[in-house]
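Asks: structure25.pdb is the file, holding PDB, C-alpha atoms:
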```
MODEL        1
ATOM      1  CA  MET A   1       0.000   0.000   0.000
ATOM      2  CA  ALA A   2       1.204   3.473  -0.789
ATOM      3  CA  ASN A   3       2.766   5.290   2.103
ATOM      4  CA  LYS A   4       1.320   8.764   2.564
ATOM      5  CA  ASN A   5       4.749  10.147   3.338
ATOM      6  CA  GLU A   6       6.467   9.095   0.153
ATOM      7  CA  PHE A   7       7.192  11.521  -2.614
ATOM      8  CA  ILE A   8       4.936  10.735  -5.581
ATOM      9  CA  ILE A   9       4.843  12.302  -9.001
ATOM     10  CA  THR A  10       2.667  11.211 -11.930
ATOM     11  CA  ARG A  11       2.408  12.271 -15.522
ATOM     12  CA  GLU A  12       0.612  11.023 -18.609
ATOM     13  CA  PHE A  13       2.648  10.549 -21.763
ATOM     14  CA  ASN A  14       1.580  10.226 -25.335
ATOM     15  CA  ALA A  15       3.308   6.873 -25.794
ATOM     16  CA  SER A  16       2.657   3.169 -25.390
ATOM     17  CA  GLN A  17       3.704   1.332 -22.254
ATOM     18  CA  LYS A  18       6.140  -0.682 -24.346
ATOM     19  CA  LEU A  19       7.866   2.428 -25.677
ATOM     20  CA  MET A  20       7.985   3.985 -22.200
ATOM     21  CA  PHE A  21       9.705   0.937 -20.790
ATOM     22  CA  GLU A  22      12.091   0.944 -23.726
ATOM     23  CA  VAL A  23      13.199   4.571 -23.271
ATOM     24  CA  TRP A  24      13.747   3.933 -19.543
ATOM     25  CA  THR A  25      15.880   0.844 -20.012
ATOM     26  CA  ASN A  26      17.730   1.087 -23.320
ATOM     27  CA  PRO A  27      21.028   3.045 -23.024
ATOM     28  CA  VAL A  28      20.608   4.418 -26.550
ATOM     29  CA  HIS A  29      17.406   6.151 -25.377
ATOM     30  CA  LEU A  30      18.455   6.964 -21.809
ATOM     31  CA  GLU A  31      21.466   8.875 -23.062
ATOM     32  CA  LYS A  32      19.133  11.165 -24.997
ATOM     33  CA  TRP A  33      16.962  12.358 -22.115
ATOM     34  CA  TRP A  34      18.097  11.323 -18.620
ATOM     35  CA  GLY A  35      21.106  13.626 -18.384
ATOM     36  CA  PRO A  36      20.603  17.186 -17.112
ATOM     37  CA  ILE A  37      19.990  19.812 -19.813
ATOM     38  CA  GLY A  38      23.230  21.308 -21.085
ATOM     39  CA  MET A  39      25.374  18.408 -19.891
ATOM     40  CA  LYS A  40      26.876  15.692 -21.996
ATOM     41  CA  MET A  41      25.792  12.338 -20.694
ATOM     42  CA  GLY A  42      27.841   9.183 -21.011
ATOM     43  CA  ILE A  43      26.795   5.687 -20.005
ATOM     44  CA  THR A  44      29.544   3.609 -18.455
ATOM     45  CA  LYS A  45      27.442   0.597 -17.592
ATOM     46  CA  LEU A  46      23.878  -0.662 -17.824
ATOM     47  CA  GLU A  47      23.042  -4.088 -16.479
ATOM     48  CA  LEU A  48      19.274  -4.442 -16.640
ATOM     49  CA  LYS A  49      18.696  -7.078 -13.983
ATOM     50  CA  PRO A  50      18.110  -7.188 -10.228
ATOM     51  CA  GLU A  51      21.337  -6.113  -8.445
ATOM     52  CA  GLY A  52      22.585  -4.810 -11.800
ATOM     53  CA  THR A  53      24.071  -1.315 -12.067
ATOM     54  CA  PHE A  54      23.382   1.639 -14.318
ATOM     55  CA  HIS A  55      26.371   3.989 -14.028
ATOM     56  CA  TYR A  56      26.562   7.219 -15.972
ATOM     57  CA  SER A  57      28.547  10.424 -16.208
ATOM     58  CA  MET A  58      27.436  13.993 -16.744
ATOM     59  CA  LYS A  59      29.847  16.569 -18.084
ATOM     60  CA  THR A  60      29.265  20.310 -17.770
ATOM     61  CA  PRO A  61      30.255  22.574 -20.706
ATOM     62  CA  ASP A  62      33.312  23.709 -18.725
ATOM     63  CA  GLY A  63      34.504  20.111 -18.398
ATOM     64  CA  HIS A  64      33.461  19.339 -14.812
ATOM     65  CA  GLU A  65      32.374  15.723 -14.551
ATOM     66  CA  MET A  66      29.867  14.122 -12.146
ATOM     67  CA  TRP A  67      28.501  10.625 -11.910
ATOM     68  CA  GLY A  68      25.238   9.010 -10.971
ATOM     69  CA  LYS A  69      24.100   5.483 -10.509
ATOM     70  CA  PHE A  70      21.092   3.186 -10.111
ATOM     71  CA  VAL A  71      21.168  -0.270  -8.600
ATOM     72  CA  TYR A  72      18.153  -2.164  -9.908
ATOM     73  CA  ARG A  73      15.993  -4.064  -7.456
ATOM     74  CA  GLU A  74      13.145  -5.271  -9.619
ATOM     75  CA  ILE A  75      12.417  -5.216 -13.321
ATOM     76  CA  ILE A  76       9.044  -6.274 -14.683
ATOM     77  CA  ALA A  77       8.923  -5.498 -18.385
ATOM     78  CA  PRO A  78       7.115  -3.433 -19.547
ATOM     79  CA  GLU A  79       5.362  -2.186 -16.420
ATOM     80  CA  LYS A  80       7.674  -1.619 -13.481
ATOM     81  CA  ILE A  81      11.245  -0.664 -12.598
ATOM     82  CA  VAL A  82      12.509  -0.420  -9.023
ATOM     83  CA  PHE A  83      15.961   0.987  -8.358
ATOM     84  CA  VAL A  84      18.092   2.721  -5.766
ATOM     85  CA  SER A  85      19.540   5.943  -7.135
ATOM     86  CA  SER A  86      22.470   7.914  -5.822
ATOM     87  CA  PHE A  87      25.157  10.294  -6.903
ATOM     88  CA  SER A  88      28.384   8.513  -7.620
ATOM     89  CA  ASP A  89      32.076   8.846  -8.470
ATOM     90  CA  ALA A  90      34.050   7.463 -11.414
ATOM     91  CA  LYS A  91      34.437   4.141  -9.594
ATOM     92  CA  GLU A  92      30.715   3.569  -8.874
ATOM     93  CA  GLY A  93      31.056   4.630  -5.238
ATOM     94  CA  ILE A  94      28.155   6.412  -3.537
ATOM     95  CA  THR A  95      28.621  10.137  -2.958
ATOM     96  CA  ARG A  96      26.676  13.112  -1.651
ATOM     97  CA  HIS A  97      24.668  15.386  -3.907
ATOM     98  CA  PRO A  98      27.277  17.702  -5.483
ATOM     99  CA  MET A  99      25.303  20.782  -4.476
ATOM    100  CA  SER A 100      23.634  19.725  -1.227
ATOM    101  CA  ASP A 101      24.756  17.876   1.878
ATOM    102  CA  LYS A 102      21.148  17.456   2.971
ATOM    103  CA  TRP A 103      20.069  15.330   0.036
ATOM    104  CA  PRO A 104      19.618  11.705   1.149
ATOM    105  CA  LEU A 105      22.486   9.478  -0.026
ATOM    106  CA  GLU A 106      20.251   6.834  -1.556
ATOM    107  CA  VAL A 107      16.679   7.125  -2.782
ATOM    108  CA  LEU A 108      14.557   4.070  -3.554
ATOM    109  CA  SER A 109      12.536   4.855  -6.659
ATOM    110  CA  THR A 110       9.662   2.842  -8.078
ATOM    111  CA  ILE A 111       8.534   3.659 -11.586
ATOM    112  CA  VAL A 112       5.237   2.181 -12.758
ATOM    113  CA  PHE A 113       3.811   2.515 -16.257
ATOM    114  CA  THR A 114       0.097   2.006 -16.888
ATOM    115  CA  GLU A 115      -1.352   2.261 -20.363
ATOM    116  CA  LYS A 116      -4.872   3.420 -21.147
ATOM    117  CA  ASN A 117      -6.284   4.420 -24.517
ATOM    118  CA  GLY A 118      -2.829   4.531 -26.083
ATOM    119  CA  LYS A 119      -1.459   6.851 -23.407
ATOM    120  CA  THR A 120       0.811   5.804 -20.585
ATOM    121  CA  THR A 121       0.798   7.186 -17.071
ATOM    122  CA  LEU A 122       4.084   7.170 -15.242
ATOM    123  CA  THR A 123       3.988   7.057 -11.447
ATOM    124  CA  MET A 124       7.257   7.603  -9.643
ATOM    125  CA  THR A 125       7.491   7.025  -5.915
ATOM    126  CA  GLY A 126      10.617   8.073  -4.040
ATOM    127  CA  THR A 127      11.736   7.375  -0.499
ATOM    128  CA  PRO A 128      15.200   7.531   1.102
ATOM    129  CA  ILE A 129      16.851   4.299   2.226
ATOM    130  CA  ASN A 130      19.888   3.454   4.333
ATOM    131  CA  ALA A 131      19.527   6.972   5.635
ATOM    132  CA  SER A 132      19.878   7.947   9.262
ATOM    133  CA  ASP A 133      16.551   8.224  11.091
ATOM    134  CA  GLU A 134      17.020  11.939  11.055
ATOM    135  CA  GLU A 135      17.637  12.104   7.310
ATOM    136  CA  VAL A 136      14.513  10.035   6.695
ATOM    137  CA  LYS A 137      12.514  12.253   8.990
ATOM    138  CA  MET A 138      13.689  15.378   7.232
ATOM    139  CA  PHE A 139      12.775  13.960   3.865
ATOM    140  CA  VAL A 140       9.458  12.468   4.882
ATOM    141  CA  GLU A 141       8.281  15.339   7.051
ATOM    142  CA  GLY A 142       9.341  17.790   4.406
ATOM    143  CA  PHE A 143       7.023  16.151   1.902
ATOM    144  CA  ALA A 144       4.311  15.514   4.455
ATOM    145  CA  ALA A 145       4.373  19.204   5.222
ATOM    146  CA  MET A 146       4.174  20.024   1.557
ATOM    147  CA  ASN A 147       1.348  17.579   0.935
ATOM    148  CA  GLN A 148      -0.709  18.887   3.797
ATOM    149  CA  GLY A 149      -0.349  22.335   2.406
ATOM    150  CA  TRP A 150       1.340  23.322   5.597
ATOM    151  CA  ALA A 151       4.106  25.112   3.755
ATOM    152  CA  GLY A 152       1.442  27.011   1.857
ATOM    153  CA  THR A 153      -0.329  27.908   5.084
ATOM    154  CA  ILE A 154       2.874  29.233   6.536
ATOM    155  CA  ALA A 155       3.537  31.226   3.379
ATOM    156  CA  GLN A 156       0.096  32.804   3.725
ATOM    157  CA  LEU A 157       0.809  33.565   7.341
ATOM    158  CA  GLU A 158       4.081  35.111   6.342
ATOM    159  CA  ASN A 159       2.334  37.392   3.879
ATOM    160  CA  TYR A 160      -0.238  38.293   6.452
ATOM    161  CA  LEU A 161       2.418  39.067   9.028
ATOM    162  CA  ALA A 162       4.223  41.189   6.476
ATOM    163  CA  THR A 163       1.116  43.365   6.070
ATOM    164  CA  LEU A 164       0.939  43.841   9.835
ATOM    165  CA  SER A 165       4.475  45.099  10.307
TER     166      SER A 165
ATOM    167  CA  MET B 166      25.417  19.748  17.322
ATOM    168  CA  ARG B 167      24.524  21.632  14.163
ATOM    169  CA  ARG B 168      20.812  22.294  13.875
ATOM    170  CA  ASP B 169      18.836  23.397  10.881
ATOM    171  CA  VAL B 170      15.296  24.150   9.949
ATOM    172  CA  PHE B 171      14.657  20.585   8.768
ATOM    173  CA  GLN B 172      15.117  19.272  12.270
ATOM    174  CA  ALA B 173      12.681  21.875  13.486
ATOM    175  CA  ILE B 174       9.859  20.629  11.315
ATOM    176  CA  ALA B 175      10.725  16.943  11.646
ATOM    177  CA  ASP B 176       8.621  16.703  14.789
ATOM    178  CA  PRO B 177       4.828  17.158  14.909
ATOM    179  CA  THR B 178       4.904  18.905  18.292
ATOM    180  CA  ARG B 179       7.452  21.374  17.002
ATOM    181  CA  ARG B 180       5.311  22.033  13.929
ATOM    182  CA  ALA B 181       2.347  22.662  16.192
ATOM    183  CA  ILE B 182       4.403  25.065  18.318
ATOM    184  CA  ILE B 183       5.465  27.000  15.217
ATOM    185  CA  ASN B 184       1.863  27.279  14.065
ATOM    186  CA  LEU B 185       0.818  28.406  17.503
ATOM    187  CA  VAL B 186       3.379  31.176  17.914
ATOM    188  CA  ALA B 187       3.116  32.199  14.274
ATOM    189  CA  HIS B 188      -0.382  33.487  15.055
ATOM    190  CA  LYS B 189       0.515  35.186  18.288
ATOM    191  CA  THR B 190       3.580  35.728  20.421
ATOM    192  CA  LEU B 191       3.043  33.692  23.586
ATOM    193  CA  ASN B 192       4.863  33.267  26.836
ATOM    194  CA  LEU B 193       6.432  29.886  27.528
ATOM    195  CA  ASN B 194       3.751  28.748  29.962
ATOM    196  CA  SER B 195       0.903  29.530  27.563
ATOM    197  CA  VAL B 196       2.652  27.530  24.857
ATOM    198  CA  ALA B 197       3.034  24.572  27.216
ATOM    199  CA  ASP B 198      -0.658  24.818  28.207
ATOM    200  CA  HIS B 199      -1.630  23.868  24.663
ATOM    201  CA  PHE B 200       0.053  20.476  24.911
ATOM    202  CA  GLN B 201      -0.361  17.374  26.980
ATOM    203  CA  GLN B 202       3.371  16.846  27.226
ATOM    204  CA  SER B 203       5.255  17.964  30.308
ATOM    205  CA  ARG B 204       6.622  21.494  30.509
ATOM    206  CA  PRO B 205      10.245  20.329  30.363
ATOM    207  CA  ALA B 206       9.404  18.385  27.178
ATOM    208  CA  ILE B 207       7.854  21.467  25.580
ATOM    209  CA  SER B 208      10.777  23.605  26.762
ATOM    210  CA  LYS B 209      13.107  21.201  25.033
ATOM    211  CA  HIS B 210      11.184  21.508  21.765
ATOM    212  CA  ILE B 211      11.262  25.292  22.069
ATOM    213  CA  LYS B 212      14.974  25.153  22.731
ATOM    214  CA  ILE B 213      15.470  23.156  19.506
ATOM    215  CA  LEU B 214      13.290  25.642  17.620
ATOM    216  CA  THR B 215      15.431  28.524  18.864
ATOM    217  CA  GLU B 216      18.590  26.644  17.896
ATOM    218  CA  CYS B 217      17.153  26.165  14.411
ATOM    219  CA  GLY B 218      16.431  29.864  14.199
ATOM    220  CA  LEU B 219      12.664  29.472  13.840
ATOM    221  CA  VAL B 220      11.747  30.903  17.214
ATOM    222  CA  THR B 221      13.307  33.608  19.368
ATOM    223  CA  ILE B 222      12.760  34.116  23.070
ATOM    224  CA  LYS B 223      12.243  37.626  24.355
ATOM    225  CA  GLN B 224      12.332  38.558  27.987
ATOM    226  CA  GLN B 225       9.580  41.030  28.947
ATOM    227  CA  GLY B 226       9.511  41.786  32.628
ATOM    228  CA  ARG B 227       9.253  38.472  34.422
ATOM    229  CA  GLU B 228       7.872  36.621  31.392
ATOM    230  CA  ARG B 229       9.719  34.984  28.529
ATOM    231  CA  TYR B 230       7.920  35.163  25.174
ATOM    232  CA  CYS B 231       8.208  32.969  22.089
ATOM    233  CA  GLU B 232       8.210  34.709  18.771
ATOM    234  CA  ALA B 233       8.208  32.957  15.360
ATOM    235  CA  LYS B 234      10.870  33.766  12.775
ATOM    236  CA  LEU B 235       9.186  32.456   9.667
ATOM    237  CA  GLU B 236      11.756  33.588   7.084
ATOM    238  CA  LYS B 237      13.729  30.464   7.928
ATOM    239  CA  LEU B 238      10.966  28.246   6.598
ATOM    240  CA  ASN B 239      11.816  29.255   3.064
ATOM    241  CA  GLU B 240      14.779  26.915   3.389
ATOM    242  CA  VAL B 241      12.389  23.975   3.683
ATOM    243  CA  GLU B 242      10.259  24.939   0.767
ATOM    244  CA  HIS B 243      13.380  25.457  -1.271
ATOM    245  CA  TRP B 244      14.667  21.971  -0.436
ATOM    246  CA  VAL B 245      11.367  20.190  -1.041
ATOM    247  CA  GLU B 246      10.998  22.195  -4.211
ATOM    248  CA  GLN B 247      14.457  21.026  -5.354
ATOM    249  CA  TYR B 248      13.468  17.373  -5.401
ATOM    250  CA  LYS B 249      10.193  18.078  -7.144
ATOM    251  CA  GLN B 250      11.999  20.269  -9.649
ATOM    252  CA  PHE B 251      14.509  17.491 -10.312
ATOM    253  CA  TRP B 252      11.725  15.100 -11.350
ATOM    254  CA  GLU B 253       9.708  17.676 -13.258
ATOM    255  CA  THR B 254      12.797  18.450 -15.341
ATOM    256  CA  LYS B 255      13.438  14.766 -16.032
ATOM    257  CA  LEU B 256       9.845  14.175 -17.093
ATOM    258  CA  ASP B 257       9.869  17.269 -19.319
ATOM    259  CA  ALA B 258      12.963  15.924 -21.067
ATOM    260  CA  LEU B 259      11.337  12.497 -21.399
ATOM    261  CA  GLU B 260       8.182  14.026 -22.850
ATOM    262  CA  SER B 261       9.978  15.991 -25.538
ATOM    263  CA  TYR B 262      12.183  13.009 -26.358
ATOM    264  CA  LEU B 263       9.117  10.774 -26.797
ATOM    265  CA  ASN B 264       7.517  13.390 -29.040
ATOM    266  CA  GLU B 265      10.683  13.562 -31.086
ATOM    267  CA  LEU B 266      10.858   9.764 -31.326
ATOM    268  CA  GLN B 267       7.273   9.406 -32.452
ATOM    269  CA  ALA B 268       7.151  12.396 -34.794
ATOM    270  CA  PRO B 269       8.264  10.510 -37.957
ATOM    271  CA  GLN B 270       5.665   7.819 -37.263
ATOM    272  CA  LEU B 271       2.920  10.421 -37.024
ATOM    273  CA  ARG B 272       3.985  11.924 -40.339
ATOM    274  CA  LYS B 273       3.804   8.471 -41.920
ATOM    275  CA  ILE B 274       0.294   7.946 -40.573
ATOM    276  CA  SER B 275      -0.975  11.288 -41.848
ATOM    277  CA  LYS B 276       0.612  10.583 -45.242
ATOM    278  CA  SER B 277      -1.133   7.251 -45.516
ATOM    279  CA  LYS B 278      -4.423   8.859 -44.444
ATOM    280  CA  LYS B 279      -3.964  11.383 -47.232
ATOM    281  CA  SER B 280      -3.416   8.668 -49.816
ATOM    282  CA  ILE B 281      -6.525   6.882 -48.572
ATOM    283  CA  ARG B 282      -8.516  10.076 -49.030
ATOM    284  CA  ILE B 283      -7.169  10.472 -52.565
ATOM    285  CA  VAL B 284      -8.143   6.922 -53.365
ATOM    286  CA  SER B 285     -11.657   7.395 -51.991
ATOM    287  CA  SER B 286     -12.197  10.610 -53.957
ATOM    288  CA  LYS B 287     -11.098   8.762 -57.078
ATOM    289  CA  ILE B 288     -13.611   6.055 -56.296
ATOM    290  CA  LYS B 289     -16.354   8.685 -55.857
ATOM    291  CA  LYS B 290     -15.459  10.287 -59.153
ATOM    292  CA  HIS B 291     -15.470   6.925 -60.742
ATOM    293  CA  GLY B 292     -18.900   6.214 -59.268
ATOM    294  CA  LYS B 293     -20.268   9.545 -60.612
ATOM    295  CA  GLN B 294     -19.017   8.689 -64.055
ATOM    296  CA  LYS B 295     -20.991   5.498 -63.875
TER     297      LYS B 295
ENDMDL
END
```
Is it possible to express this structure as structure tokens?
Replies:
Amino acid sequence: MANKNEFIITREFNASQKLMFEVWTNPVHLEKWWGPIGMKMGITKLELKPEGTFHYSMKTPDGHEMWGKFVYREIIAPEKIVFVSSFSDAKEGITRHPMSDKWPLEVLSTIVFTEKNGKTTLTMTGTPINASDEEVKMFVEGFAAMNQGWAGTIAQLENYLATLS
Amino acid sequence: MRRDVFQAIADPTRRAIINLVAHKTLNLNSVADHFQQSRPAISKHIKILTECGLVTIKQQGRERYCEAKLEKLNEVEHWVEQYKQFWETKLDALESYLNELQAPQLRKISKSKKSIRIVSSKIKKHGKQK
């Protein structure tokens, strides 16, 4: 059952489930869209099987290189992919987010594709794993707060307080 | 120990305290009165909130008042927003790539539809002639 505290994002795509699975798992396709905009993406390894690794590099225009990796947990073609994603180094080690020391080290992501009337809905669920209790709490409560609209409430309060002072 | 705003909101009691003092500056006892937990427990939460920079304590006469410093909360929204942004960007890229991939196929389909139309108009003409 879905955990209320997980991060969930869904979107409908104008593509078949088969094609969606293909662009998520074939390196030829992944290279074209997974890398951040403006960075050259290179795929060092893609082993599409449980415990297999997807290791890739991202190069900024000024030559700075970063790495990322997935370790697959479950692959059910063409409907589901479960993997643990993290930032990485050249040797497939796990590293912190290059720009943030608060980002959880490893995030368990579940991608599900469901096709209806020729369109496919992607549902991505993310939750941190192997994180300290505190890291998990920060992540989970952060999203819980967002989902409950608490952040929005506070923003409204902030505006209101600004008019008072 | 280094504290930040994420630790402040990680606890439901602390979130409730922030909401409470965001509406109105309250003295420590009035804050504690709103909760079933013991005063020392509430004091500890308030201490963490002050360490995170979300609450300041002001001494007024014999009373100590809690005041919310909400600017700090932007940090949270920014961080939550970052993760959401990350996925939105990925899905945007995926969407345009899929469109690109399927564009030639669509052209083929519309071409073949055209040729079907031509054929059918020929048939109509042919029928009229008869």
Asks: How many Å lie between atom CA of Ile183 of chain B and atom CA of Leu219 of chain B, rounded to one decimal?
Replies: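 These two atoms are separated by 7.7 Å.
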Asks: Determine the residue set returned by the PyMOL selection byres ((chain A and resi 77-88) around 7) for the present structure, and present it as a ChimeraX atom specification.
Replies: /A:17-18,21,67-76,89-90,92-97,105-114
Asks: To one decimal place in Å, what is the distance between atom CA of Lys234 of chain B and atom CA of Val220 of chain B?
Replies: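 Going from atom CA of Lys234 of chain B over to atom CA of Val220 of chain B covers 5.4 Å.
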Asks: Nearest to Trp33 of chain A among A:Thr120, A:Asn14, A:Met58, A:Glu47, with distances taken over only C-alpha atoms: which residue is it?
Replies: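 Between A:Thr120, A:Asn14, A:Met58, A:Glu47, the residue approaching Trp33 of chain A most closely is A:Met58.
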Asks: Chain B near chain A within 10 Å: what's each residue's closest atom pair and its distance in Å to one decimal, counting all atoms listed in the file, ordered by chain then ascending residue number, as JSON lines?
Replies:
```
{"residue": "B:Val170", "atom": "CA", "partner": "A:Met138", "partner_atom": "CA", "distance": 9.3}
{"residue": "B:Phe171", "atom": "CA", "partner": "A:Met138", "partner_atom": "CA", "distance": 5.5}
{"residue": "B:Gln172", "atom": "CA", "partner": "A:Met138", "partner_atom": "CA", "distance": 6.5}
{"residue": "B:Ala173", "atom": "CA", "partner": "A:Met138", "partner_atom": "CA", "distance": 9.1}
{"residue": "B:Ile174", "atom": "CA", "partner": "A:Glu141", "partner_atom": "CA", "distance": 7.0}
{"residue": "B:Ala175", "atom": "CA", "partner": "A:Glu141", "partner_atom": "CA", "distance": 5.4}
{"residue": "B:Asp176", "atom": "CA", "partner": "A:Glu141", "partner_atom": "CA", "distance": 7.9}
{"residue": "B:Pro177", "atom": "CA", "partner": "A:Glu141", "partner_atom": "CA", "distance": 8.8}
{"residue": "B:Arg180", "atom": "CA", "partner": "A:Ala145", "partner_atom": "CA", "distance": 9.2}
{"residue": "B:Ile183", "atom": "CA", "partner": "A:Ile154", "partner_atom": "CA", "distance": 9.3}
{"residue": "B:Asn184", "atom": "CA", "partner": "A:Ile154", "partner_atom": "CA", "distance": 7.8}
{"residue": "B:Ala187", "atom": "CA", "partner": "A:Leu157", "partner_atom": "CA", "distance": 7.4}
{"residue": "B:His188", "atom": "CA", "partner": "A:Leu157", "partner_atom": "CA", "distance": 7.8}
{"residue": "B:Lys234", "atom": "CA", "partner": "A:Glu158", "partner_atom": "CA", "distance": 9.4}
{"residue": "B:Leu235", "atom": "CA", "partner": "A:Glu158", "partner_atom": "CA", "distance": 6.6}
{"residue": "B:Glu236", "atom": "CA", "partner": "A:Glu158", "partner_atom": "CA", "distance": 7.9}
{"residue": "B:Leu238", "atom": "CA", "partner": "A:Ala151", "partner_atom": "CA", "distance": 8.1}
{"residue": "B:Asn239", "atom": "CA", "partner": "A:Ala155", "partner_atom": "CA", "distance": 8.5}
{"residue": "B:Val241", "atom": "CA", "partner": "A:Gly142", "partner_atom": "CA", "distance": 6.9}
{"residue": "B:Glu242", "atom": "CA", "partner": "A:Ala151", "partner_atom": "CA", "distance": 6.8}
{"residue": "B:Trp244", "atom": "CA", "partner": "A:Gly142", "partner_atom": "CA", "distance": 8.3}
{"residue": "B:Val245", "atom": "CA", "partner": "A:Gly142", "partner_atom": "CA", "distance": 6.3}
{"residue": "B:Glu246", "atom": "CA", "partner": "A:Met146", "partner_atom": "CA", "distance": 9.2}
{"residue": "B:Gln247", "atom": "CA", "partner": "A:Trp103", "partner_atom": "CA", "distance": 9.6}
{"residue": "B:Tyr248", "atom": "CA", "partner": "A:Trp103", "partner_atom": "CA", "distance": 8.8}
{"residue": "B:Lys249", "atom": "CA", "partner": "A:Ile9", "partner_atom": "CA", "distance": 8.1}
{"residue": "B:Phe251", "atom": "CA", "partner": "A:Pro36", "partner_atom": "CA", "distance": 9.1}
{"residue": "B:Trp252", "atom": "CA", "partner": "A:Ile9", "partner_atom": "CA", "distance": 7.8}
{"residue": "B:Glu253", "atom": "CA", "partner": "A:Ile9", "partner_atom": "CA", "distance": 8.4}
{"residue": "B:Thr254", "atom": "CA", "partner": "A:Pro36", "partner_atom": "CA", "distance": 8.1}
{"residue": "B:Lys255", "atom": "CA", "partner": "A:Trp34", "partner_atom": "CA", "distance": 6.3}
{"residue": "B:Leu256", "atom": "CA", "partner": "A:Arg11", "partner_atom": "CA", "distance": 7.8}
{"residue": "B:Asp257", "atom": "CA", "partner": "A:Trp33", "partner_atom": "CA", "distance": 9.1}
{"residue": "B:Ala258", "atom": "CA", "partner": "A:Trp33", "partner_atom": "CA", "distance": 5.5}
{"residue": "B:Leu259", "atom": "CA", "partner": "A:Trp33", "partner_atom": "CA", "distance": 5.7}
{"residue": "B:Glu260", "atom": "CA", "partner": "A:Phe13", "partner_atom": "CA", "distance": 6.6}
{"residue": "B:Ser261", "atom": "CA", "partner": "A:Trp33", "partner_atom": "CA", "distance": 8.6}
{"residue": "B:Tyr262", "atom": "CA", "partner": "A:Trp33", "partner_atom": "CA", "distance": 6.4}
{"residue": "B:Leu263", "atom": "CA", "partner": "A:Ala15", "partner_atom": "CA", "distance": 7.1}
{"residue": "B:Asn264", "atom": "CA", "partner": "A:Asn14", "partner_atom": "CA", "distance": 7.7}
{"residue": "B:Leu266", "atom": "CA", "partner": "A:His29", "partner_atom": "CA", "distance": 9.6}
{"residue": "B:Gln267", "atom": "CA", "partner": "A:Ala15", "partner_atom": "CA", "distance": 8.2}
```
Asks: For this file, the PyMOL selection byres ((chain B and resi 198-203) around 12) selects which residues, as number ranges by chain?
Replies: B: 177-179, 181-182, 184-186, 191-197, 204-210
Asks: Could you tell me how far atom CA of Gly38 of chain A lies from atom CA of His64 of chain A, in Å and to one decimal?
Replies: 12.2 Å
Asks: Could you put an axis-aligned box around every listed atom of segment 122-125 of chain A, padded by 8 Å on each side, and send me its centre and edge lengths in Å to one decimal, as lines of an AutoDock Vina configuration file?
Replies:
```
center_x = 5.7
center_y = 7.3
center_z = -10.6
size_x = 19.5
size_y = 16.6
size_z = 25.3
```
Asks: Skipping near chain neighbours, those fewer than 3 positions away, what residues fall within 7 Å of Ser57 of chain A using all atoms listed in the file, listed as a list in words?
Replies: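 These residues fall inside the cut-off: Met41, Gly42, Ile43, Glu65, Met66, Trp67 and Gly68 of chain A.
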Asks: Could you pull the residues within 9 Å of Thr221 of chain B, counting all atoms listed in the file, minus those fewer than 3 positions along the same chain, as number ranges by chain?
Replies: B: 211, 214-216, 218, 230-234
